[in-house]
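Asks: This is the structure, below, for whatever I ask next.
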Amino acid sequence: MAFVERVFSGVQPTGNLHLGNYLGAIVNFVKLQDTHNCIYCVVDMHAITHGVDVWGGPAELARNTREVTAAFIAAGIDPKKHIVFNQSQVTGHAELAWIFNCVARVGWLSRMTQFKEKAGKDRENASVGLYAYPNLMAADILVYRATHVPVGEDQKQHLELSRDIAQKFNNDFKDTIASHGFGDAFFPLPEPLIQGPATRVMSLRDGTKKMSKSEPSDQSRINLTDDPDTIALKVRRAKTDPDPLPDNERALEKRPEADNLVGIYAALAGTGKPQVLNEFAGAQFSAFKPKLSDLLVERLSPITAEMRKLQGDVSYIDGVLADGAARAQALAAETMKSVKDIVGFVRR
């Protein structure tokens with residue numbers, strides 16, 4: 001059957017939103033508004049899959065949920081035109097996740113590389129939620145029967161699992177899917193949307209590691225709350241190598257820190273790495289870094305200022321989330337009614 005094109009994506013409210021979150025996700029969310037029907041979710045249920053010491057406890061979770069929402073709006077997402085909400089307000093996410101727990105296979109989850117990375121060596125002490133959260137991620141997408149998901153390279157495995165789950169559900173229940181008038185498939189197989197030259201922003205201290213809030217050194221990342229002086233200092237201290245910038249992209253392949261800074265500049269400037277290298281070929285980093293700092297401040301300062309303003313109006317942020325949740329709930333409820341009929345659950 002033909003599916004209504006719909007984009008879904010989410011951001012975890014784990015605090016300290018940084019440049020990687022902005023360039024790798026939020027900036028593309030803003031662009032997609034002009035071309036797609038979008039649902040943007042603050043995935044607070046995913047945030048609690050780690051220990052309380054990681055996500056900070058109830059007060060911190062609420063604060064971080066509102067901070068991500070403020071960042072969405074400050075960056076240019078229109079919560080009236082599109083849906084912005086937090087995951088826990090829509091019951092369909094958890095309901096569908098349980099059904100997917102029964103559709104997905106243990107072997108599929110055991111192969112997920114992010115669980116191995118996040119759980120580390122003490123896997124026996126990891127939460128069941130951390131192990132099974134890819135099923136919840138699939139539910140996040142498919143409870144809206146979304147057709148497209150903007151993802152970074154490191155999230156492609158999760159989207160592939162979502163497609164596998166959708167396909168297995170469609171196969172397992174093909175007879176009742178057809179009998180309820182949905183043809184040969186109830187769920188779409190969501191497609192990835194990978195955009196922009198800097199979908200994967202790396203640490204300023206190690207160009208082989210992704211920029212992350214969990215990195216011990218704050219110097220490894222540009223936070224969306226950093227002031228201009230802090231940004232300039234972090235860029236100045238960013239790890240580089242002694243060679244000047246090359247005139248071609250291939251020459252960056254074995255220079256991860258240089259490649260990262262060029263990619264950041266390109267993404268902020270709305271251009272590609274070749275264009276950046278054409279402008280700065282032969283330049284030392286002592287000349288390039290101030291230009292990068294200026295561009296970062298130019299792009300991020302208005303967002304930072306608007307975020308602070310929005311975070312000061314909790315009632316407005318909560319109103320946005322409540323309105324978005326009501327609209328999301330209406331879509332999710334229709335999906336869950338059909339899913340329950342397809343599976344054979346008796347409902348009101």
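Residues in the structure tokens are named by chain (A, B, ... in the order shown) and by number from 1 within that chain; ligands are numbered from 1 in the order shown.
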So that I can check the surroundings of His50 (chain A), please list as a PyMOL selection string every protein, DNA and RNA residue that reaches within 8 Å of it, counting only C-alpha atoms and ignoring chain neighbours fewer than 4 positions away.
Replies: chain A and resi 54-55+126-127+130
Asks: Any chance you could export the current selection's all heavy atoms as a PDB file, in the first residue's frame?
Replies:
```pdb
ATOM      1  N   VAL A  54      23.943   8.775  35.457  1.00  0.00           N
ATOM      2  CA  VAL A  54      24.236   9.232  34.092  1.00  0.00           C
ATOM      3  C   VAL A  54      23.230  10.278  33.643  1.00  0.00           C
ATOM      4  O   VAL A  54      23.598  11.330  33.109  1.00  0.00           O
ATOM      5  CB  VAL A  54      24.240   8.045  33.103  1.00  0.00           C
ATOM      6  CG1 VAL A  54      24.439   8.537  31.667  1.00  0.00           C
ATOM      7  CG2 VAL A  54      25.343   7.051  33.483  1.00  0.00           C
ATOM      8  N   TRP A  55      21.936  10.012  33.855  1.00  0.00           N
ATOM      9  CA  TRP A  55      20.936  10.968  33.359  1.00  0.00           C
ATOM     10  C   TRP A  55      20.526  12.002  34.390  1.00  0.00           C
ATOM     11  O   TRP A  55      19.813  12.956  34.070  1.00  0.00           O
ATOM     12  CB  TRP A  55      19.712  10.254  32.783  1.00  0.00           C
ATOM     13  CG  TRP A  55      19.007   9.251  33.625  1.00  0.00           C
ATOM     14  CD1 TRP A  55      19.265   7.920  33.705  1.00  0.00           C
ATOM     15  CD2 TRP A  55      17.879   9.472  34.492  1.00  0.00           C
ATOM     16  NE1 TRP A  55      18.383   7.294  34.562  1.00  0.00           N
ATOM     17  CE2 TRP A  55      17.517   8.218  35.065  1.00  0.00           C
ATOM     18  CE3 TRP A  55      17.143  10.595  34.847  1.00  0.00           C
ATOM     19  CZ2 TRP A  55      16.460   8.066  35.963  1.00  0.00           C
ATOM     20  CZ3 TRP A  55      16.092  10.448  35.737  1.00  0.00           C
ATOM     21  CH2 TRP A  55      15.759   9.199  36.283  1.00  0.00           C
ATOM     22  N   ALA A 126      24.178  -4.081  33.005  1.00  0.00           N
ATOM     23  CA  ALA A 126      23.444  -3.107  32.186  1.00  0.00           C
ATOM     24  C   ALA A 126      21.941  -3.336  32.337  1.00  0.00           C
ATOM     25  O   ALA A 126      21.497  -4.457  32.605  1.00  0.00           O
ATOM     26  CB  ALA A 126      23.844  -3.233  30.723  1.00  0.00           C
ATOM     27  N   SER A 127      21.160  -2.281  32.155  1.00  0.00           N
ATOM     28  CA  SER A 127      19.708  -2.431  32.285  1.00  0.00           C
ATOM     29  C   SER A 127      19.130  -3.183  31.087  1.00  0.00           C
ATOM     30  O   SER A 127      19.690  -3.147  29.979  1.00  0.00           O
ATOM     31  CB  SER A 127      19.035  -1.058  32.399  1.00  0.00           C
ATOM     32  OG  SER A 127      19.012  -0.401  31.146  1.00  0.00           O
ATOM     33  N   LEU A 130      18.497  -0.785  28.306  1.00  0.00           N
ATOM     34  CA  LEU A 130      19.620  -0.465  27.415  1.00  0.00           C
ATOM     35  C   LEU A 130      19.768  -1.529  26.336  1.00  0.00           C
ATOM     36  O   LEU A 130      20.059  -1.221  25.184  1.00  0.00           O
ATOM     37  CB  LEU A 130      20.917  -0.343  28.217  1.00  0.00           C
ATOM     38  CG  LEU A 130      22.164   0.065  27.406  1.00  0.00           C
ATOM     39  CD1 LEU A 130      21.993   1.448  26.811  1.00  0.00           C
ATOM     40  CD2 LEU A 130      23.406   0.021  28.296  1.00  0.00           C
TER      41      LEU A 130
END
```
Asks: Just want the 10 Å neighbourhood of Met336 (chain A), counted on only C-alpha atoms, with same-chain residues fewer than 6 positions away dropped. Output as a short mmCIF file (atom, residue, chain, number, x, y, z; two decimals) with N, CA and C atoms, in the first residue's frame.
Replies:
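Written file, out23.cif:
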```
data_model
loop_
_atom_site.label_atom_id
_atom_site.label_comp_id
_atom_site.auth_asym_id
_atom_site.auth_seq_id
_atom_site.Cartn_x
_atom_site.Cartn_y
_atom_site.Cartn_z
N THR A 91 1.51 7.31 24.99
CA THR A 91 1.58 5.94 25.49
C THR A 91 1.89 4.91 24.39
N GLY A 92 1.60 5.25 23.15
CA GLY A 92 1.81 4.31 22.06
C GLY A 92 3.25 3.86 21.89
N HIS A 93 4.20 4.70 22.30
CA HIS A 93 5.61 4.32 22.18
C HIS A 93 5.90 3.07 23.01
N GLU A 95 3.63 0.96 24.35
CA GLU A 95 2.77 -0.15 23.95
C GLU A 95 3.34 -0.89 22.73
N LEU A 96 3.75 -0.13 21.72
CA LEU A 96 4.26 -0.76 20.52
C LEU A 96 5.63 -1.38 20.77
N VAL A 143 5.26 3.86 15.25
CA VAL A 143 3.96 4.20 15.81
C VAL A 143 3.32 5.35 15.02
N TYR A 144 4.14 6.07 14.26
CA TYR A 144 3.63 7.11 13.35
C TYR A 144 3.70 6.66 11.90
N ILE A 342 -4.88 -6.19 14.47
CA ILE A 342 -4.06 -7.09 13.65
C ILE A 342 -3.49 -8.24 14.49
#
```
Asks: For Ala25 (chain A), find every residue with an atom within 12 Å (counting only C-alpha atoms), except residues of its own chain fewer than 6 positions away, and show them as a ChimeraX atom specification.
Replies: /A:8-12,17-19,31-32,40,68,71-72,75,77,149-153,155,193-196,198-201,267
Asks: Using only N, CA, C and O atoms, please write the residues we just selected to a file, as a compact mmCIF listing (two decimals), in the first residue's frame.
Replies:
```txt
# COMPACT_ATOMS: atom_id res chain seq x y z
N PHE A 8 10.31 11.19 11.06
CA PHE A 8 10.39 11.15 12.51
C PHE A 8 11.85 11.16 12.93
O PHE A 8 12.70 10.49 12.34
N SER A 9 12.15 11.93 13.98
CA SER A 9 13.47 11.83 14.60
C SER A 9 13.38 12.30 16.04
O SER A 9 12.45 13.01 16.42
N GLY A 10 14.37 11.89 16.83
CA GLY A 10 14.37 12.27 18.24
C GLY A 10 15.76 12.58 18.76
O GLY A 10 16.76 12.17 18.17
N VAL A 11 15.80 13.32 19.85
CA VAL A 11 17.06 13.67 20.53
C VAL A 11 16.90 13.35 22.00
O VAL A 11 15.89 13.69 22.62
N GLN A 12 17.91 12.70 22.57
CA GLN A 12 17.86 12.37 23.99
C GLN A 12 18.10 13.61 24.86
O GLN A 12 19.00 14.39 24.56
N LEU A 17 23.79 19.96 25.34
CA LEU A 17 23.70 19.90 23.89
C LEU A 17 24.93 20.57 23.29
O LEU A 17 25.35 21.64 23.73
N HIS A 18 25.50 19.94 22.28
CA HIS A 18 26.75 20.45 21.72
C HIS A 18 26.68 20.57 20.21
O HIS A 18 25.64 20.27 19.59
N LEU A 19 27.79 20.99 19.63
CA LEU A 19 27.86 21.23 18.19
C LEU A 19 27.51 19.97 17.40
O LEU A 19 26.91 20.06 16.33
N LYS A 31 15.95 22.14 8.13
CA LYS A 31 15.86 22.11 6.66
C LYS A 31 14.69 21.25 6.19
O LYS A 31 14.00 21.58 5.22
N LEU A 32 14.48 20.12 6.87
CA LEU A 32 13.44 19.19 6.44
C LEU A 32 12.04 19.75 6.58
O LEU A 32 11.10 19.27 5.92
N TYR A 40 9.14 15.68 15.61
CA TYR A 40 10.40 15.75 16.34
C TYR A 40 10.14 15.49 17.82
O TYR A 40 9.34 16.16 18.46
N VAL A 68 16.28 20.73 25.45
CA VAL A 68 16.25 20.23 24.07
C VAL A 68 15.11 20.86 23.29
O VAL A 68 15.27 21.27 22.14
N ALA A 71 16.10 24.28 22.38
CA ALA A 71 17.08 24.25 21.29
C ALA A 71 16.41 24.02 19.94
O ALA A 71 16.77 24.65 18.94
N PHE A 72 15.43 23.11 19.91
CA PHE A 72 14.67 22.90 18.67
C PHE A 72 14.09 24.21 18.16
O PHE A 72 14.25 24.59 16.99
N ALA A 75 16.63 26.99 17.20
CA ALA A 75 17.33 26.70 15.94
C ALA A 75 16.46 26.93 14.72
O ALA A 75 16.97 26.99 13.59
N ILE A 77 12.97 25.35 14.39
CA ILE A 77 11.86 24.42 14.20
C ILE A 77 10.56 25.10 14.63
O ILE A 77 10.50 25.70 15.70
N VAL A 149 13.74 8.76 8.19
CA VAL A 149 14.38 9.10 9.46
C VAL A 149 15.75 9.72 9.17
O VAL A 149 16.60 9.08 8.56
N PRO A 150 15.97 10.98 9.59
CA PRO A 150 17.32 11.56 9.42
C PRO A 150 18.27 10.93 10.42
O PRO A 150 18.04 10.98 11.63
N VAL A 151 19.33 10.29 9.93
CA VAL A 151 20.25 9.57 10.80
C VAL A 151 21.70 9.89 10.44
O VAL A 151 22.01 10.22 9.30
N GLY A 152 22.56 9.76 11.44
CA GLY A 152 23.99 9.78 11.19
C GLY A 152 24.47 8.38 10.88
O GLY A 152 23.74 7.40 11.04
N GLU A 153 25.72 8.29 10.45
CA GLU A 153 26.27 6.99 10.08
C GLU A 153 26.19 5.99 11.23
O GLU A 153 25.97 4.79 11.02
N GLN A 155 23.97 5.60 13.40
CA GLN A 155 22.61 5.18 13.74
C GLN A 155 21.98 4.31 12.65
O GLN A 155 20.85 3.85 12.80
N LEU A 193 17.62 9.32 5.91
CA LEU A 193 17.93 10.61 5.29
C LEU A 193 19.26 11.06 5.88
O LEU A 193 19.33 11.46 7.04
N ILE A 194 20.33 10.95 5.09
CA ILE A 194 21.66 11.36 5.55
C ILE A 194 22.03 12.62 4.79
O ILE A 194 22.16 12.60 3.56
N GLN A 195 22.18 13.72 5.52
CA GLN A 195 22.36 15.02 4.88
C GLN A 195 23.61 15.72 5.38
O GLN A 195 24.06 15.49 6.49
N GLY A 196 24.13 16.59 4.54
CA GLY A 196 25.15 17.53 4.97
C GLY A 196 26.55 16.95 5.06
O GLY A 196 26.75 15.75 5.19
N ALA A 198 28.78 17.36 7.47
CA ALA A 198 29.32 17.12 8.81
C ALA A 198 28.29 16.40 9.67
O ALA A 198 27.98 16.81 10.77
N THR A 199 27.74 15.30 9.12
CA THR A 199 26.75 14.56 9.88
C THR A 199 27.37 13.87 11.10
O THR A 199 26.66 13.49 12.01
N ARG A 200 28.67 13.72 11.12
CA ARG A 200 29.36 13.09 12.25
C ARG A 200 30.47 14.03 12.70
O ARG A 200 31.54 14.10 12.09
N VAL A 201 30.22 14.77 13.78
CA VAL A 201 31.17 15.75 14.29
C VAL A 201 32.03 15.08 15.36
O VAL A 201 31.51 14.44 16.27
N ALA A 267 30.08 22.68 7.14
CA ALA A 267 28.68 22.55 7.55
C ALA A 267 28.11 23.89 8.00
O ALA A 267 26.98 24.24 7.66
```
Asks: Can you tell me how far CA of Leu295 (chain A) sits from CA of Glu215 (chain A), in Å to one decimal?
Replies: 24.0 Å
Asks: Could you pull out the strand (DSSP E or B) residues of region 155-263 of chain A, going by DSSP on the backbone, and write them as a count of residues only?
Replies: 6
Asks: Pick out each residue of region 9-162 of chain A that DSSP on the backbone tags as helix (DSSP H, G or I); I need them as an MDAnalysis selection string.
Replies: chainID A and resid 19:32 44:47 52:55 58:75 87:89 92:103 106:110 113:119 123:125 128:142 153:162
Asks: Could you tell me which of A:Ser315, A:Gln167, A:Asn248, A:Thr225 comes closest to Glu279 (chain A) if we count only C-alpha atoms?
Replies: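 Counting only C-alpha atoms, the residue closest to Glu279 (chain A) is A:Asn248.
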Asks: Quick check, in Å to one decimal: how far apart do CA of Asp323 (chain A) and CA of Phe85 (chain A) lie?
Replies: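 Rounded to one decimal, the two atoms are 7.6 Å apart.
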Asks: Taking only C-alpha atoms into account, name the residue in A:His46, A:Val90, A:Pro192, A:Gly20 that is nearest to Ala326 (chain A).
Replies: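 Using only C-alpha atoms, Ala326 (chain A) sits closest to A:Val90.
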Asks: Kindly give the distance, in Å, that separates CA of Asn223 (chain A) and CA of Lys156 (chain A), rounded to a single decimal.
Replies: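 Between CA of Asn223 (chain A) and CA of Lys156 (chain A) the gap works out to 24.9 Å.
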Asks: Pick the closest to Tyr22 (chain A) from A:Ile264, A:Asn278, A:Lys209, A:Leu245: which is it, counting only C-alpha atoms?
Replies: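 Counting only C-alpha atoms, the residue closest to Tyr22 (chain A) is A:Ile264.
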Asks: Determine, for each residue of region 278-334 of chain A having at least one atom at most 8 Å from an atom of region 233-239 of chain A, the closest pair of atoms and their separation in Å to one decimal, counting only C-alpha atoms; order by chain and ascending number, as CSV.
Replies:
```
residue,atom,partner,partner_atom,distance
A:Lys289,CA,A:Arg236,CA,6.3
A:Pro290,CA,A:Arg236,CA,7.5
A:Leu292,CA,A:Val235,CA,7.7
A:Ser293,CA,A:Val235,CA,6.3
```
Asks: For the residues in the current selection, export C-alpha atoms as a PDB file, in the first residue's frame.
Replies:
```pdb
ATOM      1  CA  LYS A 289      41.140  28.607  13.560  1.00  0.00           C
ATOM      2  CA  PRO A 290      40.187  32.278  14.108  1.00  0.00           C
ATOM      3  CA  LEU A 292      36.357  28.986  12.299  1.00  0.00           C
ATOM      4  CA  SER A 293      35.792  30.625  15.698  1.00  0.00           C
TER       5      SER A 293
END
```
Asks: Taking 4 positions as the minimum chain separation for residues in the same chain, which residues sit within 12 Å of Ala139 (chain A) when counting only C-alpha atoms? Answer as an MDAnalysis selection string.
Replies: chainID A and resid 8:9 43 45:46 87 90:101 103:104 132:135 143:146 158:159 161:163 165:166 169 187 190 332 335:336 339
